[in-house]
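Q: I have a structure here, written as structure tokens, and I will follow up with some questions on it.
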Amino acid sequence: MKIRNRLVALSVAVMAAAALGTVSATQAQAALDPSNSLGINFDADTTTVIAKTGQPVVFPQTRLVTRTDLSTLEGTLNLPQAAAKLKLGPATLANFKISIINASQVTGTLTQGGTADATTIDLDVSQTFQIRLDSVQPFNISTGSASLNLVPNNGSCITAPTTARLKGSLDAFKLLGQDVPEADAHIKGTYTIPPFQNCGPFAGVLNAIIAGPNNSLDVHVTNPEFIVGDQAAARAKFVR
């Protein structure tokens, strides 16, 4: 059967799965059966905005790797280290590098949304992680041979775990009903930055500027790729 027909059939399966309603959190976190689920990967461009300063932090592009049975979703999103300028109003205070560490799986649900003429696949997902400050270098200040770093170099400046819950919608036809699948969606939400610990004498200042609630997170997903090969049998289960 042609790929296009497979994808159209999958679109129908999404609608049928959505009719069953939202699954429980326990079900959403359970490992999906590889023989009855599909792998779909996306390019992911991720940006967070620190609420206290309005400072955007742009992470290098990575891959969002997912598996779904068209009702639940699980996946991985491992963000590379990001560098940005720490600003307070118009003033640049420092250059800093930040890492997302100990990230959990991305887990959540898929449901049908939109209208009959413009069906969407709505995602409601979450991920738990910790945040590490790798370096904070005051602007235009150096010690001569090396730039001054306000946090320890041993990677100890870390928050407690925090969880981001993100929601967004994919165009069902563009993703599932074309020979070449397409996606252009923003999966968005907010999270709290807990206080940083083990950061040395400047911990109080850094927490006053950075830590707090209502930080935004935006994962822009594009270039979907369906996993084939081992998943051919799983795809066939949805094609009747």
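Residue numbering restarts at 1 for every chain of the structure tokens, chains are lettered A, B, ... in their displayed order, and ligands are numbered from 1 as they appear.
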Give me the residues within 10 Å of stretch 118-127 of chain A as number ranges by chain, counting only C-alpha atoms and dropping any in the same chain fewer than 2 places off.

A: A: 11, 14-15, 18, 22, 28, 70-77, 103-116, 129, 162-175, 187-189

Q: From the list A:Thr92, A:Asn153, A:Thr66, A:Asn223, which residue is nearest A:Leu133 when using only C-alpha atoms?

A: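 Ranking A:Thr92, A:Asn153, A:Thr66, A:Asn223 by distance to A:Leu133, first place goes to A:Asn153.
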
Q: Please, which residues of stretch 78-140 of chain A, numbered as in this document, come out strand (DSSP E or B) from DSSP, as a PyMOL selection string?

A: chain A and resi 82-88+91-101+106-114+119-138

Q: Using Å and a single decimal, report how far atom CA of A:Leu206 sits from atom CA of A:Pro90.

A: 17.6 Å

Q: What parts of stretch 77-177 of chain A does DSSP call helix (DSSP H, G or I)? I'd like the answer as a list in words.

A: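 Listing helix (DSSP H, G or I) positions across stretch 77-177 of chain A yields Ala172, Phe173, Lys174, Leu175 and Leu176 of chain A.
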
Q: A:Ala91: which residues within 12 Å, counting only C-alpha atoms, same-chain residues fewer than 6 positions away excluded, as a list in words?

A: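 Near A:Ala91, the qualifying residues are Thr53, Gln55, Lys85, Pro138 and Phe139 of chain A.
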